[in-house]
>>> print(open('input_23.txt').read())   # compact mmCIF, C-alpha atoms
# COMPACT_ATOMS: atom_id res chain seq x y z
CA MET A 1 118.16 -78.08 161.04
CA ARG A 2 115.05 -78.67 163.16
CA ALA A 3 112.89 -76.64 160.76
CA SER A 4 114.08 -78.82 157.89
CA ARG A 5 113.26 -81.95 159.90
CA LEU A 6 109.75 -80.70 160.69
CA VAL A 7 109.12 -80.13 156.99
CA SER A 8 110.48 -83.60 156.21
CA LEU A 9 108.19 -85.17 158.82
CA LEU A 10 105.20 -83.34 157.37
CA LEU A 11 106.03 -84.40 153.81
CA LEU A 12 106.52 -88.01 154.90
CA LEU A 13 103.00 -88.10 156.34
CA GLN A 14 101.64 -86.39 153.25
CA ASN A 15 103.31 -88.74 150.78
CA ARG A 16 103.10 -92.05 152.63
CA GLY A 17 100.06 -91.78 154.85
CA ARG A 18 99.97 -93.28 158.33
CA LEU A 19 103.40 -93.90 159.90
CA THR A 20 104.35 -94.97 163.41
CA ALA A 21 106.73 -92.96 165.57
CA ALA A 22 109.36 -95.69 165.11
CA GLU A 23 109.02 -95.54 161.31
CA LEU A 24 109.31 -91.75 161.33
CA ALA A 25 112.34 -91.96 163.62
CA THR A 26 114.04 -94.38 161.21
CA GLU A 27 113.34 -92.18 158.19
CA LEU A 28 114.51 -88.99 159.94
CA GLU A 29 117.42 -90.69 161.75
CA VAL A 30 116.35 -89.41 165.17
CA SER A 31 114.95 -90.94 168.35
CA THR A 32 111.23 -91.64 168.84
CA ARG A 33 111.28 -89.08 171.66
CA THR A 34 112.38 -86.45 169.13
CA VAL A 35 109.52 -87.50 166.85
CA TYR A 36 107.03 -87.01 169.70
CA ARG A 37 108.40 -83.49 170.31
CA ASP A 38 108.29 -82.64 166.60
CA VAL A 39 104.67 -83.80 166.28
CA GLU A 40 103.74 -81.61 169.25
CA SER A 41 105.44 -78.64 167.56
CA LEU A 42 103.52 -79.23 164.32
CA LEU A 43 100.25 -79.49 166.25
CA ALA A 44 101.04 -76.23 168.00
CA ALA A 45 101.59 -74.65 164.59
CA GLY A 46 98.10 -75.69 163.48
CA ILE A 47 99.01 -78.74 161.34
CA PRO A 48 96.09 -81.22 161.59
CA ILE A 49 97.95 -84.38 162.66
CA TYR A 50 96.19 -87.07 164.65
CA GLY A 51 97.54 -90.19 166.31
CA GLU A 52 96.00 -93.59 166.94
CA ALA A 53 97.22 -96.19 169.42
CA GLY A 54 97.32 -99.92 168.88
CA HIS A 55 98.98 -102.37 166.50
CA ASP A 56 97.76 -100.54 163.38
CA GLY A 57 98.13 -97.08 164.89
CA GLY A 58 100.45 -94.24 164.09
CA TYR A 59 100.40 -90.62 162.98
CA ALA A 60 98.51 -89.33 159.96
CA LEU A 61 97.25 -86.07 158.47
CA VAL A 62 93.55 -85.26 158.45
CA ASP A 63 92.03 -86.38 155.14
CA GLY A 64 92.24 -83.70 152.48
CA TYR A 65 95.05 -81.70 154.08
CA ARG A 66 98.09 -81.03 151.90
CA THR A 67 101.00 -78.70 152.54
CA ARG A 68 102.43 -76.33 149.97
CA LEU A 69 105.92 -76.62 151.46
CA THR A 70 107.32 -78.47 148.43
CA GLY A 71 109.96 -76.00 147.26
CA LEU A 72 113.46 -77.41 146.76
CA THR A 73 116.52 -76.07 148.47
CA ALA A 74 119.76 -75.67 146.49
CA GLY A 75 121.25 -78.77 148.09
CA GLU A 76 118.14 -80.85 147.37
CA ALA A 77 118.10 -79.79 143.72
CA GLU A 78 121.78 -80.69 143.35
CA ALA A 79 121.21 -84.07 144.98
CA LEU A 80 118.37 -84.88 142.60
CA PHE A 81 120.48 -84.13 139.54
CA LEU A 82 123.41 -86.07 140.96
CA ALA A 83 121.09 -89.05 141.46
CA GLY A 84 120.25 -89.07 137.74
CA LEU A 85 122.66 -91.68 136.39
CA PRO A 86 122.28 -91.69 132.59
CA GLY A 87 124.43 -94.78 131.94
CA PRO A 88 122.64 -97.25 134.22
CA ALA A 89 119.25 -95.73 133.40
CA ALA A 90 119.88 -96.24 129.68
CA GLU A 91 120.88 -99.88 130.26
CA LEU A 92 117.63 -100.41 132.14
CA GLY A 93 115.69 -98.92 129.24
CA LEU A 94 114.79 -95.81 131.24
CA GLY A 95 117.14 -93.33 129.58
CA SER A 96 114.48 -91.33 127.75
CA LEU A 97 112.25 -91.23 130.84
CA LEU A 98 115.12 -89.97 132.98
CA THR A 99 115.96 -87.27 130.44
CA ALA A 100 112.34 -86.13 130.28
CA ALA A 101 112.08 -86.05 134.09
CA GLU A 102 115.29 -84.01 134.40
CA LEU A 103 114.07 -81.53 131.78
CA LYS A 104 110.76 -81.08 133.63
CA LEU A 105 112.54 -80.67 136.94
CA GLU A 106 114.99 -78.18 135.46
CA ALA A 107 112.18 -76.18 133.89
CA ALA A 108 110.39 -75.94 137.23
CA LEU A 109 113.44 -74.70 139.13
CA PRO A 110 114.19 -71.04 139.75
CA ALA A 111 116.99 -69.64 137.59
CA ASP A 112 119.67 -69.77 140.33
CA LEU A 113 118.92 -73.40 141.20
CA ARG A 114 118.85 -74.29 137.50
CA ARG A 115 122.37 -72.90 137.08
CA GLN A 116 123.60 -74.83 140.12
CA ALA A 117 122.10 -78.09 138.80
CA ARG A 118 123.81 -77.59 135.44
CA ARG A 119 127.15 -76.92 137.14
CA LEU A 120 126.77 -80.14 139.10
CA ARG A 121 126.17 -82.14 135.94
CA ASP A 122 129.26 -80.58 134.37
CA ARG A 123 131.46 -81.44 137.35
CA PHE A 124 130.42 -84.91 138.49
CA HIS A 125 130.25 -88.14 136.50
CA LEU A 126 129.70 -91.74 137.58
CA ASP A 127 131.80 -94.45 135.90
CA ALA A 128 130.64 -97.65 137.56
CA PRO A 129 133.09 -100.28 136.18
CA GLY A 130 136.47 -100.70 137.86
CA TRP A 131 139.74 -99.66 136.23
CA TYR A 132 140.82 -101.73 133.23
CA GLN A 133 137.43 -103.40 133.11
CA ARG A 134 134.56 -102.82 130.82
CA ALA A 135 130.95 -103.07 131.85
CA GLU A 136 129.61 -106.59 131.45
CA ASP A 137 127.25 -107.16 128.53
CA ALA A 138 123.78 -107.94 129.82
CA PRO A 139 121.42 -108.16 126.82
CA HIS A 140 118.54 -109.47 128.95
CA LEU A 141 118.71 -106.60 131.44
CA PRO A 142 115.68 -104.68 130.05
CA ALA A 143 113.57 -107.85 130.18
CA VAL A 144 114.61 -108.54 133.78
CA ALA A 145 113.88 -104.92 134.67
CA ALA A 146 110.43 -105.19 133.11
CA ALA A 147 109.77 -108.34 135.13
CA VAL A 148 110.82 -106.54 138.32
CA TRP A 149 108.48 -103.63 137.60
CA GLN A 150 105.53 -105.87 136.69
CA ARG A 151 106.21 -108.51 139.37
CA GLN A 152 106.21 -111.10 136.60
CA ALA A 153 107.93 -114.50 136.76
CA ILE A 154 110.48 -115.42 134.09
CA GLN A 155 111.98 -118.65 132.80
CA VAL A 156 115.72 -118.42 132.15
CA ARG A 157 118.60 -120.55 130.95
CA TYR A 158 121.46 -119.60 133.23
CA ARG A 159 125.20 -120.19 132.97
CA ARG A 160 126.99 -120.93 136.24
CA TRP A 161 130.48 -122.04 137.26
CA GLN A 162 129.76 -125.48 138.70
CA ALA A 163 128.49 -128.49 136.77
CA PRO A 164 126.04 -128.62 135.16
CA THR A 165 127.18 -125.26 133.81
CA GLN A 166 123.83 -124.45 132.18
CA VAL A 167 120.58 -124.77 134.13
CA GLU A 168 116.93 -123.85 133.69
CA ARG A 169 115.38 -121.73 136.39
CA ARG A 170 111.98 -120.16 137.05
CA LEU A 171 112.76 -116.84 138.71
CA GLU A 172 110.67 -114.32 140.59
CA PRO A 173 112.90 -111.21 140.39
CA TYR A 174 112.47 -108.99 143.45
CA GLY A 175 115.02 -106.34 142.47
CA ILE A 176 118.17 -105.40 140.56
CA VAL A 177 121.58 -104.26 141.83
CA LEU A 178 124.44 -102.61 139.91
CA LYS A 179 127.83 -103.47 141.45
CA ALA A 180 131.18 -102.54 139.87
CA GLY A 181 129.81 -102.53 136.33
CA ARG A 182 127.88 -105.79 136.69
CA TRP A 183 124.12 -106.16 137.01
CA TYR A 184 122.63 -108.66 139.45
CA ALA A 185 119.09 -109.87 139.94
CA VAL A 186 117.88 -110.79 143.41
CA ALA A 187 115.26 -113.42 142.76
CA ALA A 188 113.43 -116.35 144.29
CA ALA A 189 114.00 -119.52 142.28
CA ASP A 190 111.61 -122.46 142.03
CA GLY A 191 109.96 -121.72 145.36
CA ALA A 192 113.20 -121.16 147.31
CA GLY A 193 114.17 -117.92 149.05
CA PRO A 194 115.95 -115.05 147.29
CA ARG A 195 119.36 -115.62 145.75
CA THR A 196 121.67 -113.54 143.57
CA TYR A 197 122.05 -114.07 139.81
CA ARG A 198 124.39 -112.25 137.43
CA ILE A 199 122.17 -110.94 134.67
CA GLY A 200 125.07 -111.14 132.18
CA GLN A 201 125.05 -114.93 132.71
CA ILE A 202 121.44 -115.29 131.53
CA LEU A 203 121.58 -117.00 128.12
CA ASP A 204 117.86 -117.10 127.31
CA LEU A 205 114.81 -115.50 128.93
CA ARG A 206 111.10 -116.06 128.50
CA PRO A 207 108.45 -114.05 130.40
CA LEU A 208 105.81 -116.24 132.00
CA ASP A 209 102.12 -115.48 132.32
CA GLU A 210 102.49 -115.64 136.09
CA HIS A 211 102.77 -112.88 138.67
CA PHE A 212 104.14 -112.96 142.19
CA THR A 213 104.22 -110.89 145.37
CA PRO A 214 107.51 -110.55 147.26
CA PRO A 215 107.45 -111.10 151.04
CA ASP A 216 106.24 -108.04 152.94
CA ASP A 217 109.46 -107.89 154.94
CA PHE A 218 111.84 -108.11 151.97
CA ASP A 219 114.26 -105.17 151.80
CA LEU A 220 116.54 -105.08 148.75
CA ALA A 221 119.25 -102.89 150.28
CA GLY A 222 119.24 -104.94 153.50
CA TYR A 223 119.43 -108.21 151.58
CA TRP A 224 122.37 -106.95 149.52
CA ARG A 225 124.30 -105.82 152.60
CA GLN A 226 123.82 -109.23 154.19
CA HIS A 227 124.69 -111.03 150.94
CA THR A 228 127.97 -109.16 150.44
CA HIS A 229 128.91 -109.67 154.10
CA GLN A 230 128.30 -113.43 153.83
CA LEU A 231 130.22 -113.55 150.54
CA GLN A 232 133.24 -111.90 152.15
CA GLU A 233 133.04 -114.27 155.11
CA ARG A 234 133.13 -117.27 152.73
CA LEU A 235 135.85 -115.69 150.59
CA TRP A 236 138.42 -115.16 153.32
CA ARG A 237 139.23 -118.78 154.15
CA ASP A 238 142.66 -118.31 155.72
CA ARG A 239 145.11 -115.83 157.22
CA ALA A 240 148.67 -114.79 156.43
CA GLU A 241 151.18 -112.95 158.59
CA ILE A 242 153.22 -110.32 156.78
CA ARG A 243 155.68 -107.48 157.28
CA ILE A 244 155.01 -104.52 155.01
CA SER A 245 156.88 -101.25 154.41
CA PRO A 246 155.30 -97.78 154.34
CA ALA A 247 155.70 -97.80 150.53
CA GLY A 248 153.99 -101.19 150.45
CA VAL A 249 151.08 -99.81 152.48
CA GLU A 250 150.64 -96.99 149.96
CA ARG A 251 150.69 -99.47 147.07
CA LEU A 252 148.26 -101.72 148.94
CA ARG A 253 145.72 -98.90 149.06
CA GLU A 254 145.50 -99.04 145.26
CA ILE A 255 145.03 -102.77 144.86
CA ALA A 256 143.64 -104.30 148.07
CA VAL A 257 140.11 -104.82 149.35
CA PRO A 258 138.86 -103.12 152.55
CA ALA A 259 139.30 -106.22 154.75
CA VAL A 260 143.02 -106.37 154.00
CA LEU A 261 143.46 -102.61 154.36
CA ASP A 262 141.69 -102.66 157.73
CA ALA A 263 144.00 -105.42 158.98
CA VAL A 264 147.12 -103.52 157.93
CA ALA A 265 145.84 -100.23 159.37
CA ALA A 266 145.31 -101.92 162.75
CA ALA A 267 148.79 -103.49 162.73
CA THR A 268 151.65 -102.43 164.99
CA VAL A 269 154.85 -100.82 163.71
CA ASP A 270 157.69 -103.36 163.66
CA GLY A 271 161.06 -101.62 163.45
CA PRO A 272 162.49 -98.12 163.04
CA ALA A 273 161.87 -97.97 159.28
CA GLY A 274 158.10 -97.94 159.78
CA TRP A 275 157.45 -101.51 158.65
CA ARG A 276 154.27 -103.03 160.03
CA ARG A 277 153.57 -106.61 161.13
CA ALA A 278 150.01 -107.62 160.27
CA VAL A 279 147.76 -110.66 159.98
CA ILE A 280 145.67 -110.33 156.83
CA PRO A 281 142.77 -112.43 155.47
CA ILE A 282 143.49 -114.36 152.26
CA GLU A 283 141.22 -116.13 149.80
CA SER A 284 143.68 -118.94 148.96
CA LEU A 285 147.43 -119.54 148.76
CA THR A 286 147.38 -119.14 144.98
CA HIS A 287 145.43 -115.89 145.09
CA ALA A 288 147.54 -114.51 147.95
CA GLU A 289 150.77 -115.35 146.14
CA GLY A 290 149.71 -113.40 143.06
CA GLU A 291 148.50 -110.38 145.03
CA LEU A 292 151.51 -110.15 147.34
CA LEU A 293 153.99 -110.55 144.50
CA ARG A 294 152.58 -107.30 143.13
CA LEU A 295 154.14 -105.54 146.11
CA GLY A 296 157.62 -106.84 145.28
CA ALA A 297 160.23 -106.38 148.02
CA GLN A 298 157.94 -104.06 150.00
CA VAL A 299 156.31 -107.04 151.72
CA GLU A 300 157.65 -110.16 153.43
CA VAL A 301 155.46 -113.19 154.17
CA LEU A 302 156.15 -114.67 157.60
CA ALA A 303 153.43 -117.31 157.67
CA PRO A 304 152.10 -119.70 156.56
CA VAL A 305 155.36 -121.38 155.57
CA GLU A 306 153.84 -122.82 152.40
CA LEU A 307 152.94 -119.34 151.12
CA ARG A 308 156.40 -118.02 152.01
CA ASP A 309 158.04 -120.94 150.18
CA ARG A 310 155.85 -120.44 147.09
CA ILE A 311 156.73 -116.76 146.85
CA ALA A 312 160.44 -117.54 147.37
CA ALA A 313 160.32 -120.16 144.59
CA THR A 314 158.63 -117.73 142.21
CA ALA A 315 161.24 -115.07 143.05
CA ARG A 316 164.03 -117.52 142.26
CA ASP A 317 162.40 -118.42 138.94
CA LEU A 318 162.07 -114.73 138.05
CA ALA A 319 165.71 -114.10 138.97
CA ALA A 320 166.75 -116.97 136.68
CA VAL A 321 164.73 -115.59 133.79
CA TYR A 322 166.18 -112.10 134.13
CA ALA A 323 169.74 -113.15 135.08
>>> encode(input="input_23.txt", output="structure tokens")
Amino acid sequence: MRASRLVSLLLLLQNRGRLTAAELATELEVSTRTVYRDVESLLAAGIPIYGEAGHDGGYALVDGYRTRLTGLTAGEAEALFLAGLPGPAAELGLGSLLTAAELKLEAALPADLRRQARRLRDRFHLDAPGWYQRAEDAPHLPAVAAAVWQRQAIQVRYRRWQAPTQVERRLEPYGIVLKAGRWYAVAAADGAGPRTYRIGQILDLRPLDEHFTPPDDFDLAGYWRQHTHQLQERLWRDRAEIRISPAGVERLREIAVPAVLDAVAAATVDGPAGWRRAVIPIESLTHAEGELLRLGAQVEVLAPVELRDRIAATARDLAAVYA
């Protein structure tokens, strides 16, 4: 494990240049103290690493030094082929480039690693859209991707839910995210900070003869984590108290979102039959009514009273229809 980490540290310095101990620790998922020890070990092995103190300091390799430790392990080769996602790459207009890169990589691998990579491709497949949903059409995705690569501003006509439903926006697209079969652009709009736009909702797009530079501290993955967290916080506006059977818990695992599942998992058992009493987050009374009705008699709403009454009224209407 340590030998692998030493090689990774060496390759990081070779590929990225000067890095601080904190940056190396983040990349390697270790403490800075471990980085200091690893650098000392590499120096003892004759690797020409030098360090500089100060604000712009860090560790770097002596100019001109390059290691030949670039061979792939079996696990690394498998991971690279698993990371090649032909569907999304094709939608981005990179399908042929991905295929060519995989062929070159495969040709460079030893025979045993080549066989393992082929087995992996035969046994794993990514299907991004959820069940009973098809991937959203996004005809302007290649153009948005090109703008991201070239750091080029675009003018779009965008369809949104609130009035006015169609708006014009000048976007500076920082990056693209694929989530559950839908493509999103993270972009600054008309001088404001980054926001999220569904690329499938772009009606028209025109590249502009203007280029931009994203903020130095912008991190796409970090932004997306924060965005989804804030979205969930806004989504769960209320709470409901329920009793749910063991069979209902199993059914809930197939249809519910993590926040609801976490609340039920943390609930206490209420009765000898294994029913649980839980307080779950809900988006709205209407949405909660539809979702909880899917569980039938395996769940009982205790509060709020309005939600309990709505479900009871719907149950009576259903009984009258099927009487």
>>> atom_distance(input="input_23.txt", atom1="CA of Ala267 in chain A", atom2="CA of Glu241 in chain A")
10.6 Å
>>> residues_near_point(input="input_23.txt", point="(124.4, -124.7, 134.9)", cutoff="12 Å", atoms="all atoms listed in the file", output="PyMOL selection string")
chain A and resi 156-169+197+201-203
>>> residues_around(input="input_23.txt", residues="Tyr36 in chain A", least_positions_apart="3", cutoff="12 Å", atoms="all atoms listed in the file", output="list in words")
Leu6, Leu9, Thr20, Ala21, Ala22, Leu24, Ala25, Val30, Ser31, Thr32, Arg33, Val39, Glu40, Ser41, Leu42, Leu43, Ile49, Tyr50, Gly51, Gly58 and Tyr59 of chain A
>>> closest_residue(input="input_23.txt", among="A:Asp137, A:Val321, A:Leu28, A:Ser284", to="Leu11 in chain A", atoms="all atoms listed in the file")
A:Leu28
>>> axis_aligned_box(input="input_23.txt", around="range 254-260 of chain A", padding_each_side="6 Å", output="AutoDock Vina command-line options")
--center_x 142.2 --center_y -102.7 --center_z 149.8 --size_x 18.6 --size_y 19.3 --size_z 21.9
>>> closest_residue(input="input_23.txt", among="A:Gly191, A:Gly46, A:Pro215, A:Gly17", to="Gly64 in chain A", atoms="all atoms listed in the file")
A:Gly17
>>> residues_around(input="input_23.txt", residues="Tyr223 in chain A", least_positions_apart="3", cutoff="10 Å", atoms="all atoms listed in the file", output="MDAnalysis selection string")
chainID A and resid 186 194:196 218:220 226:229
>>> closest_residue(input="input_23.txt", among="A:Ala138, A:Ile199, A:Ala315, A:Ile280", to="Ala297 in chain A", atoms="only C-alpha atoms")
A:Ala315
>>> closest_residue(input="input_23.txt", among="A:Ala273, A:Leu10, A:Leu208, A:Ile242", to="Ala45 in chain A", atoms="all atoms listed in the file")
A:Leu10
>>> atom_distance(input="input_23.txt", atom1="CA of Ile311 in chain A", atom2="CA of Ala263 in chain A")
20.9 Å
>>> atom_distance(input="input_23.txt", atom1="CA of Leu292 in chain A", atom2="CA of Gly181 in chain A")
25.5 Å
>>> residues_around(input="input_23.txt", residues="His140 in chain A", least_positions_apart="4", cutoff="12 Å", atoms="all atoms listed in the file", output="list in words")
Glu91, Leu92, Gly93, Glu136, Val144, Ala145, Ala146, Ala147, Ile154, Gln155, Val156, Arg157, Tyr158, Trp183, Tyr184, Ala185, Arg198, Ile199, Gly200, Gln201, Ile202, Leu203, Asp204, Leu205, Arg206 and Pro207 of chain A
>>> closest_residue(input="input_23.txt", among="A:Ala265, A:Glu289, A:Glu250, A:Arg294", to="Ala312 in chain A", atoms="only C-alpha atoms")
A:Glu289
>>> residues_around(input="input_23.txt", residues="Ala303 in chain A", least_positions_apart="2", cutoff="6 Å", atoms="only C-alpha atoms", output="JSON, numbers by chain")
{"A": [240, 241, 301, 305]}
>>> closest_residue(input="input_23.txt", among="A:Arg243, A:Arg115, A:His211, A:Lys179", to="Val148 in chain A", atoms="only C-alpha atoms")
A:His211
>>> residues_around(input="input_23.txt", residues="His287 in chain A", least_positions_apart="6", cutoff="12 Å", atoms="all atoms listed in the file", output="ChimeraX atom specification")
/A:235-238,240,281,293-294,307,310-311
